[in-house]
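**Q** Got run13.cif for you, mmCIF, C-alpha atoms:
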```
data_upload
loop_
_atom_site.group_PDB
_atom_site.id
_atom_site.type_symbol
_atom_site.label_atom_id
_atom_site.label_comp_id
_atom_site.auth_asym_id
_atom_site.auth_seq_id
_atom_site.Cartn_x
_atom_site.Cartn_y
_atom_site.Cartn_z
ATOM 1 C CA MET Q 24 0.000 0.000 0.000
ATOM 2 C CA LEU Q 25 1.271 3.463 -0.904
ATOM 3 C CA THR Q 26 1.121 6.398 1.503
ATOM 4 C CA ILE Q 27 1.656 10.066 0.690
ATOM 5 C CA TYR Q 28 2.490 12.648 3.313
ATOM 6 C CA THR Q 29 3.531 16.296 3.398
ATOM 7 C CA ALA Q 30 7.239 16.631 4.038
ATOM 8 C CA THR Q 31 8.758 18.762 6.776
ATOM 9 C CA SER Q 32 12.345 19.925 7.171
ATOM 10 C CA SER Q 33 13.143 16.626 8.923
ATOM 11 C CA ASP Q 34 12.387 14.911 5.585
ATOM 12 C CA TYR Q 35 15.014 16.850 3.622
ATOM 13 C CA PRO Q 36 17.517 13.937 3.836
ATOM 14 C CA ILE Q 37 14.900 11.624 2.264
ATOM 15 C CA ILE Q 38 14.265 14.075 -0.584
ATOM 16 C CA GLN Q 39 18.010 14.523 -1.089
ATOM 17 C CA LYS Q 40 18.618 10.759 -1.133
ATOM 18 C CA ILE Q 41 15.891 10.148 -3.721
ATOM 19 C CA ALA Q 42 17.153 13.046 -5.873
ATOM 20 C CA HIS Q 43 20.709 11.701 -5.826
ATOM 21 C CA GLU Q 44 19.488 8.204 -6.737
ATOM 22 C CA THR Q 45 17.081 9.379 -9.440
ATOM 23 C CA TRP Q 46 18.858 12.204 -11.244
ATOM 24 C CA PRO Q 47 21.792 10.237 -12.730
ATOM 25 C CA ASP Q 48 19.329 7.760 -14.252
ATOM 26 C CA THR Q 49 16.912 10.456 -15.428
ATOM 27 C CA PHE Q 50 19.392 13.006 -16.718
ATOM 28 C CA GLY Q 51 22.562 10.971 -17.351
ATOM 29 C CA PRO Q 52 21.720 10.454 -21.033
ATOM 30 C CA ILE Q 53 20.886 14.138 -21.652
ATOM 31 C CA LEU Q 54 23.012 16.309 -19.314
ATOM 32 C CA SER Q 55 26.686 16.343 -18.390
ATOM 33 C CA GLU Q 56 27.798 15.006 -15.008
ATOM 34 C CA GLU Q 57 28.925 18.544 -14.183
ATOM 35 C CA GLN Q 58 25.474 19.998 -14.853
ATOM 36 C CA ILE Q 59 23.735 17.246 -12.865
ATOM 37 C CA SER Q 60 26.056 17.833 -9.917
ATOM 38 C CA TYR Q 61 25.603 21.617 -10.129
ATOM 39 C CA MET Q 62 21.793 21.353 -10.302
ATOM 40 C CA LEU Q 63 21.559 18.831 -7.462
ATOM 41 C CA ASP Q 64 23.510 21.177 -5.221
ATOM 42 C CA MET Q 65 21.582 24.236 -6.430
ATOM 43 C CA MET Q 66 18.150 22.661 -5.883
ATOM 44 C CA TYR Q 67 18.665 20.096 -3.123
ATOM 45 C CA SER Q 68 21.124 21.451 -0.601
ATOM 46 C CA THR Q 69 19.497 21.829 2.802
ATOM 47 C CA ASN Q 70 19.592 25.615 2.384
ATOM 48 C CA ALA Q 71 17.972 25.403 -1.063
ATOM 49 C CA LEU Q 72 15.166 23.141 0.189
ATOM 50 C CA SER Q 73 14.595 25.435 3.149
ATOM 51 C CA GLU Q 74 14.421 28.472 0.851
ATOM 52 C CA GLN Q 75 11.908 26.726 -1.417
ATOM 53 C CA THR Q 76 9.597 25.705 1.409
ATOM 54 C CA THR Q 77 9.986 28.715 3.687
ATOM 55 C CA ASN Q 78 10.185 31.621 1.244
ATOM 56 C CA LYS Q 79 8.809 30.382 -2.083
ATOM 57 C CA GLY Q 80 5.680 28.522 -0.999
ATOM 58 C CA HIS Q 81 6.702 25.091 -2.260
ATOM 59 C CA GLN Q 82 5.102 22.086 -0.603
ATOM 60 C CA PHE Q 83 6.800 18.688 -0.839
ATOM 61 C CA LEU Q 84 4.929 15.394 -0.855
ATOM 62 C CA ILE Q 85 6.690 12.092 -0.242
ATOM 63 C CA VAL Q 86 5.313 8.719 -1.293
ATOM 64 C CA LYS Q 87 6.327 5.493 0.406
ATOM 65 C CA ASP Q 88 5.274 1.890 0.619
ATOM 66 C CA GLU Q 89 5.512 -0.345 3.692
ATOM 67 C CA ILE Q 90 9.281 -0.601 3.321
ATOM 68 C CA LYS Q 91 10.810 2.504 1.781
ATOM 69 C CA HIS Q 92 10.367 5.961 0.306
ATOM 70 C CA LEU Q 93 9.723 5.784 -3.450
ATOM 71 C CA GLY Q 94 9.558 9.359 -4.664
ATOM 72 C CA TYR Q 95 8.543 12.939 -4.066
ATOM 73 C CA ALA Q 96 6.934 15.922 -5.720
ATOM 74 C CA SER Q 97 6.792 19.614 -4.947
ATOM 75 C CA TYR Q 98 4.139 22.087 -5.971
ATOM 76 C CA GLU Q 99 3.126 25.707 -5.465
ATOM 77 C CA LEU Q 100 -0.502 26.812 -5.316
ATOM 78 C CA ASN Q 101 -1.642 30.055 -6.966
ATOM 79 C CA TYR Q 102 1.555 30.282 -8.991
ATOM 80 C CA LYS Q 103 2.425 33.911 -9.821
ATOM 81 C CA GLY Q 104 -0.911 35.012 -8.357
ATOM 82 C CA LEU Q 105 -2.898 32.927 -10.856
ATOM 83 C CA SER Q 106 -5.354 30.103 -10.194
ATOM 84 C CA LYS Q 107 -2.638 27.713 -11.338
ATOM 85 C CA THR Q 108 -0.642 25.080 -9.473
ATOM 86 C CA LYS Q 109 2.981 24.803 -10.552
ATOM 87 C CA ILE Q 110 4.558 21.378 -10.174
ATOM 88 C CA HIS Q 111 8.210 22.166 -9.560
ATOM 89 C CA LYS Q 112 9.502 18.631 -9.074
ATOM 90 C CA ILE Q 113 8.368 15.034 -9.395
ATOM 91 C CA TYR Q 114 10.858 12.192 -9.164
ATOM 92 C CA ILE Q 115 10.291 8.486 -8.638
ATOM 93 C CA LEU Q 116 13.065 5.980 -7.926
ATOM 94 C CA PRO Q 117 13.907 4.154 -11.171
ATOM 95 C CA ALA Q 118 12.894 0.748 -9.746
ATOM 96 C CA SER Q 119 9.463 2.163 -8.808
ATOM 97 C CA GLN Q 120 8.682 3.850 -12.123
ATOM 98 C CA GLY Q 121 5.806 2.439 -14.173
ATOM 99 C CA LYS Q 122 3.982 1.173 -11.067
ATOM 100 C CA GLY Q 123 1.513 4.023 -10.569
ATOM 101 C CA VAL Q 124 3.578 5.994 -8.057
ATOM 102 C CA GLY Q 125 3.865 9.078 -10.270
ATOM 103 C CA LYS Q 126 0.193 8.941 -11.200
ATOM 104 C CA LEU Q 127 -0.748 8.803 -7.522
ATOM 105 C CA LEU Q 128 1.413 11.850 -6.745
ATOM 106 C CA MET Q 129 -0.094 13.742 -9.693
ATOM 107 C CA LYS Q 130 -3.634 12.814 -8.623
ATOM 108 C CA THR Q 131 -2.894 14.014 -5.102
ATOM 109 C CA ILE Q 132 -1.570 17.347 -6.402
ATOM 110 C CA THR Q 133 -4.595 17.652 -8.718
ATOM 111 C CA ASP Q 134 -6.964 17.099 -5.789
ATOM 112 C CA ILE Q 135 -5.123 19.702 -3.687
ATOM 113 C CA ALA Q 136 -5.181 22.175 -6.587
ATOM 114 C CA MET Q 137 -8.894 21.722 -7.134
ATOM 115 C CA LYS Q 138 -9.675 22.088 -3.407
ATOM 116 C CA ASN Q 139 -7.807 25.394 -3.582
ATOM 117 C CA LYS Q 140 -9.762 26.525 -6.659
ATOM 118 C CA ASN Q 141 -6.797 26.335 -9.013
ATOM 119 C CA HIS Q 142 -7.931 25.724 -12.597
ATOM 120 C CA SER Q 143 -4.781 24.306 -14.155
ATOM 121 C CA LEU Q 144 -1.518 22.523 -13.479
ATOM 122 C CA SER Q 145 1.746 23.677 -15.012
ATOM 123 C CA LEU Q 146 5.225 22.161 -15.149
ATOM 124 C CA ASN Q 147 8.501 22.420 -16.987
ATOM 125 C CA VAL Q 148 10.236 19.374 -18.405
ATOM 126 C CA ASN Q 149 13.565 19.036 -20.194
ATOM 127 C CA ARG Q 150 12.891 18.773 -23.937
ATOM 128 C CA ASP Q 151 14.769 15.454 -24.091
ATOM 129 C CA ASN Q 152 13.217 13.894 -20.967
ATOM 130 C CA SER Q 153 11.252 10.700 -21.629
ATOM 131 C CA ALA Q 154 8.784 11.815 -18.927
ATOM 132 C CA ILE Q 155 7.127 13.973 -21.598
ATOM 133 C CA ASP Q 156 5.191 10.877 -22.677
ATOM 134 C CA PHE Q 157 4.043 10.289 -19.077
ATOM 135 C CA TYR Q 158 2.763 13.867 -18.835
ATOM 136 C CA LYS Q 159 0.963 13.653 -22.198
ATOM 137 C CA GLY Q 160 -0.598 10.371 -21.078
ATOM 138 C CA ILE Q 161 -2.182 12.040 -18.043
ATOM 139 C CA GLY Q 162 -3.553 15.004 -19.954
ATOM 140 C CA PHE Q 163 -0.777 17.600 -20.162
ATOM 141 C CA GLU Q 164 -0.158 19.526 -23.384
ATOM 142 C CA LYS Q 165 2.915 21.445 -24.528
ATOM 143 C CA VAL Q 166 2.123 25.158 -24.414
ATOM 144 C CA GLY Q 167 5.577 26.647 -24.893
ATOM 145 C CA GLU Q 168 9.321 26.397 -24.558
ATOM 146 C CA GLU Q 169 11.824 28.281 -22.456
ATOM 147 C CA ASN Q 170 15.556 28.362 -21.904
ATOM 148 C CA ILE Q 171 16.515 29.161 -18.325
ATOM 149 C CA ASP Q 172 20.035 30.299 -17.480
ATOM 150 C CA ILE Q 173 20.782 28.645 -14.133
ATOM 151 C CA GLY Q 174 24.300 29.977 -13.810
ATOM 152 C CA ASP Q 175 27.764 28.486 -14.110
ATOM 153 C CA GLY Q 176 27.326 28.331 -17.896
ATOM 154 C CA PHE Q 177 24.374 25.920 -17.694
ATOM 155 C CA ILE Q 178 20.968 26.318 -19.327
ATOM 156 C CA MET Q 179 17.771 24.358 -18.779
ATOM 157 C CA GLU Q 180 16.009 23.813 -22.113
ATOM 158 C CA ASP Q 181 12.427 23.018 -21.194
ATOM 159 C CA TYR Q 182 8.965 22.548 -22.555
ATOM 160 C CA ILE Q 183 6.212 24.223 -20.591
ATOM 161 C CA MET Q 184 3.297 21.829 -20.197
ATOM 162 C CA GLU Q 185 -0.163 22.502 -18.781
ATOM 163 C CA LYS Q 186 -3.266 20.581 -17.898
ATOM 164 C CA LYS Q 187 -6.676 22.184 -17.451
ATOM 165 C CA LEU Q 188 -8.659 21.053 -14.406
ATOM 166 C CA VAL Q 189 -12.431 20.671 -14.501
#
```
For the file at hand, write its structure as structure tokens.
**A**
Amino acid sequence: MLTIYTATSSDYPIIQKIAHETWPDTFGPILSEEQISYMLDMMYSTNALSEQTTNKGHQFLIVKDEIKHLGYASYELNYKGLSKTKIHKIYILPASQGKGVGKLLMKTITDIAMKNKNHSLSLNVNRDNSAIDFYKGIGFEKVGEENIDIGDGFIMEDYIMEKKLV
């Protein structure tokens, strides 16, 4: 049985562990080791996670089974003052992918968004990430592209994807 709970600062090591286990598999074929290392530090250091949750309004959800933690997601309600929920992160351990874990996290975020009267979900995904097919399969559509300079000579080349909520 899968359980989802809202993370607190005491869960940062769990989020960091999953990120470090997931990112090389997810991004190894499409980003350099240097960029992966830079982004992991930039987004997942304890200070970065604290900044996201304390000052930027991100909420983290963690999913686990009876034995271990399987993945996490983070989202922000009312993104940029709009009735939109931004999904900032969603990562599932490679061995747990394809088993409904990601769909359960996305359904949970959808339910939270709808309870908060948000009318759409939005996310960015690397243009070469195979997760694009997962997002299309659950109702997301590409609505744009953006290149984001993240410093140190690195750029994130993303699709912007959205899903309307009923």
**Q** Compile the contact shell of region 91-98 of chain Q as a ChimeraX atom specification: residues with an atom at most 7 Å away, counting only C-alpha atoms, same-chain residues fewer than 6 positions apart removed.
**A** /Q:38,41,81-85,108-116,119,128
**Q** Could you check the closest approach to Ala30 (chain Q) for each of Q:His43, Q:Lys103, Q:Lys87, Q:Lys159 and tell me which residue wins, using only C-alpha atoms?
**A**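 Once distances to Ala30 (chain Q) are computed over only C-alpha atoms, the minimum belongs to Q:Lys87.
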**Q** What's around Lys107 (chain Q) at 10 Å? Count all atoms listed in the file, leave out sequence neighbours fewer than 2 positions away in its own chain, and write the answer as a PyMOL selection string.
**A** chain Q and resi 99-105+109-110+136-137+139-145+185-188
**Q** Please save C-alpha atoms of the selected residues as a JSON list (two decimals), in the frame of the given file.
**A**
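Saved result, again-v4.json, follows:
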```json
[["chain", "number", "residue", "atom", "x", "y", "z"],
["Q", 99, "GLU", "CA", 3.13, 25.71, -5.46],
["Q", 100, "LEU", "CA", -0.50, 26.81, -5.32],
["Q", 101, "ASN", "CA", -1.64, 30.06, -6.97],
["Q", 102, "TYR", "CA", 1.56, 30.28, -8.99],
["Q", 103, "LYS", "CA", 2.42, 33.91, -9.82],
["Q", 104, "GLY", "CA", -0.91, 35.01, -8.36],
["Q", 105, "LEU", "CA", -2.90, 32.93, -10.86],
["Q", 109, "LYS", "CA", 2.98, 24.80, -10.55],
["Q", 110, "ILE", "CA", 4.56, 21.38, -10.17],
["Q", 136, "ALA", "CA", -5.18, 22.18, -6.59],
["Q", 137, "MET", "CA", -8.89, 21.72, -7.13],
["Q", 139, "ASN", "CA", -7.81, 25.39, -3.58],
["Q", 140, "LYS", "CA", -9.76, 26.52, -6.66],
["Q", 141, "ASN", "CA", -6.80, 26.34, -9.01],
["Q", 142, "HIS", "CA", -7.93, 25.72, -12.60],
["Q", 143, "SER", "CA", -4.78, 24.31, -14.16],
["Q", 144, "LEU", "CA", -1.52, 22.52, -13.48],
["Q", 145, "SER", "CA", 1.75, 23.68, -15.01],
["Q", 185, "GLU", "CA", -0.16, 22.50, -18.78],
["Q", 186, "LYS", "CA", -3.27, 20.58, -17.90],
["Q", 187, "LYS", "CA", -6.68, 22.18, -17.45],
["Q", 188, "LEU", "CA", -8.66, 21.05, -14.41]]
```
**Q** What is the CA of Thr49 (chain Q) to CA of Ile37 (chain Q) distance in Å?
**A**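 If I compute the distance from CA of Thr49 (chain Q) to CA of Ile37 (chain Q), I get 17.8 Å.
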**Q** What residues come out when you apply the PyMOL selection byres ((chain Q and resi 50-54) around 12) to this file, written as a ChimeraX atom specification?
**A** /Q:42-49,55-63,114,117,148-154,177-180
**Q** So the first atom is CA of Thr26 (chain Q) and the second is CA of Gly160 (chain Q); what is the distance between them in Å, to one decimal place?
**A**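 Taking CA of Thr26 (chain Q) and CA of Gly160 (chain Q), their separation equals 23.0 Å.
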**Q** Rank nothing, just name the residue among Q:Pro36, Q:Gly162, Q:Gly125, Q:Gly80 nearest to Val189 (chain Q), using all atoms listed in the file.
**A** Q:Gly162
**Q** Listed atoms of region 116-123 of chain Q, axis-aligned box, 5 Å per side: centre and edge lengths to one decimal in Å, as AutoDock Vina command-line options?
**A**
```
--center_x 7.7 --center_y 3.4 --center_z -11.0 --size_x 22.4 --size_y 15.2 --size_z 16.2
```
**Q** Considering only C-alpha atoms, can you say which of Q:Lys130, Q:Met65, Q:Ala71, Q:Tyr158 comes closest to Asp175 (chain Q)?
**A** Q:Met65
**Q** Kindly give the distance, in Å, that separates CA of Leu25 (chain Q) and CA of Asp134 (chain Q), rounded to a single decimal.
**A**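 Answer for the CA of Leu25 (chain Q) to CA of Asp134 (chain Q) separation: 16.7 Å.
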**Q** Here is a test: counting only C-alpha atoms, which residue of Q:Ile171, Q:Met66, Q:Ile161, Q:Leu146 is nearest to Ile183 (chain Q)?
**A**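 Among the listed residues, the smallest separation from Ile183 (chain Q) belongs to Q:Leu146.
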**Q** Find the residue from Q:Leu72, Q:Val166, Q:Met129, Q:Ile173 that sits nearest to Ser33 (chain Q); use all atoms listed in the file when measuring.
**A**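 Of all the options, Q:Leu72 lies closest to Ser33 (chain Q).
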**Q** Which one of Q:Ser106, Q:Gln39, Q:Asn70, Q:Asn170 sits closest to Lys138 (chain Q) if you count all atoms listed in the file?
**A**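 Under the stated criterion, the closest residue is Q:Ser106.
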**Q** Please produce region 81-115 of chain Q, completed to N, CA and C atoms, as a compact mmCIF listing (two decimals), in the frame of the given file.
**A**
```
# COMPACT_ATOMS: atom_id res chain seq x y z
N HIS Q 81 6.73 26.46 -1.74
CA HIS Q 81 6.70 25.09 -2.26
C HIS Q 81 6.30 24.12 -1.15
N GLN Q 82 5.47 23.17 -1.50
CA GLN Q 82 5.10 22.09 -0.60
C GLN Q 82 5.65 20.79 -1.20
N PHE Q 83 6.29 19.97 -0.38
CA PHE Q 83 6.80 18.69 -0.84
C PHE Q 83 5.90 17.57 -0.34
N LEU Q 84 5.63 16.62 -1.21
CA LEU Q 84 4.93 15.39 -0.86
C LEU Q 84 5.90 14.24 -1.04
N ILE Q 85 5.85 13.29 -0.13
CA ILE Q 85 6.69 12.09 -0.24
C ILE Q 85 5.77 10.88 -0.30
N VAL Q 86 6.10 9.95 -1.18
CA VAL Q 86 5.31 8.72 -1.29
C VAL Q 86 6.19 7.56 -0.84
N LYS Q 87 5.59 6.66 -0.07
CA LYS Q 87 6.33 5.49 0.41
C LYS Q 87 5.41 4.29 0.41
N ASP Q 88 6.03 3.12 0.42
CA ASP Q 88 5.27 1.89 0.62
C ASP Q 88 5.56 1.42 2.04
N GLU Q 89 5.31 0.16 2.33
CA GLU Q 89 5.51 -0.34 3.69
C GLU Q 89 6.99 -0.39 4.08
N ILE Q 90 7.86 -0.39 3.07
CA ILE Q 90 9.28 -0.60 3.32
C ILE Q 90 10.13 0.65 3.14
N LYS Q 91 9.90 1.39 2.07
CA LYS Q 91 10.81 2.50 1.78
C LYS Q 91 10.12 3.66 1.08
N HIS Q 92 10.82 4.78 1.02
CA HIS Q 92 10.37 5.96 0.31
C HIS Q 92 10.63 5.75 -1.19
N LEU Q 93 9.64 6.08 -2.03
CA LEU Q 93 9.72 5.78 -3.45
C LEU Q 93 9.87 7.01 -4.34
N GLY Q 94 9.48 8.17 -3.83
CA GLY Q 94 9.56 9.36 -4.66
C GLY Q 94 9.01 10.58 -3.94
N TYR Q 95 9.04 11.69 -4.64
CA TYR Q 95 8.54 12.94 -4.07
C TYR Q 95 8.09 13.86 -5.20
N ALA Q 96 7.33 14.85 -4.81
CA ALA Q 96 6.93 15.92 -5.72
C ALA Q 96 6.88 17.21 -4.92
N SER Q 97 7.03 18.33 -5.60
CA SER Q 97 6.79 19.61 -4.95
C SER Q 97 5.90 20.45 -5.86
N TYR Q 98 5.08 21.26 -5.22
CA TYR Q 98 4.14 22.09 -5.97
C TYR Q 98 3.96 23.42 -5.26
N GLU Q 99 3.40 24.37 -5.99
CA GLU Q 99 3.13 25.71 -5.46
C GLU Q 99 1.74 26.12 -5.94
N LEU Q 100 0.85 26.35 -5.00
CA LEU Q 100 -0.50 26.81 -5.32
C LEU Q 100 -0.48 28.27 -5.75
N ASN Q 101 -1.46 28.65 -6.56
CA ASN Q 101 -1.64 30.06 -6.97
C ASN Q 101 -0.35 30.66 -7.52
N TYR Q 102 0.27 29.90 -8.40
CA TYR Q 102 1.56 30.28 -8.99
C TYR Q 102 1.46 31.65 -9.66
N LYS Q 103 2.36 32.54 -9.30
CA LYS Q 103 2.42 33.91 -9.82
C LYS Q 103 1.09 34.64 -9.69
N GLY Q 104 0.35 34.33 -8.61
CA GLY Q 104 -0.91 35.01 -8.36
C GLY Q 104 -2.07 34.53 -9.22
N LEU Q 105 -1.86 33.47 -9.98
CA LEU Q 105 -2.90 32.93 -10.86
C LEU Q 105 -3.55 31.71 -10.21
N SER Q 106 -4.69 31.31 -10.72
CA SER Q 106 -5.35 30.10 -10.19
C SER Q 106 -4.74 28.87 -10.87
N LYS Q 107 -3.43 28.76 -10.70
CA LYS Q 107 -2.64 27.71 -11.34
C LYS Q 107 -1.72 27.10 -10.29
N THR Q 108 -1.59 25.78 -10.34
CA THR Q 108 -0.64 25.08 -9.47
C THR Q 108 0.57 24.69 -10.30
N LYS Q 109 1.72 25.13 -9.87
CA LYS Q 109 2.98 24.80 -10.55
C LYS Q 109 3.59 23.58 -9.89
N ILE Q 110 3.85 22.56 -10.67
CA ILE Q 110 4.56 21.38 -10.17
C ILE Q 110 6.04 21.62 -10.46
N HIS Q 111 6.79 21.84 -9.40
CA HIS Q 111 8.21 22.17 -9.56
C HIS Q 111 9.07 20.92 -9.72
N LYS Q 112 8.68 19.84 -9.04
CA LYS Q 112 9.50 18.63 -9.07
C LYS Q 112 8.60 17.41 -8.93
N ILE Q 113 8.97 16.35 -9.63
CA ILE Q 113 8.37 15.03 -9.40
C ILE Q 113 9.40 14.00 -9.84
N TYR Q 114 9.85 13.21 -8.89
CA TYR Q 114 10.86 12.19 -9.16
C TYR Q 114 10.51 10.91 -8.42
N ILE Q 115 10.58 9.81 -9.16
CA ILE Q 115 10.29 8.49 -8.64
C ILE Q 115 11.55 7.63 -8.82
```
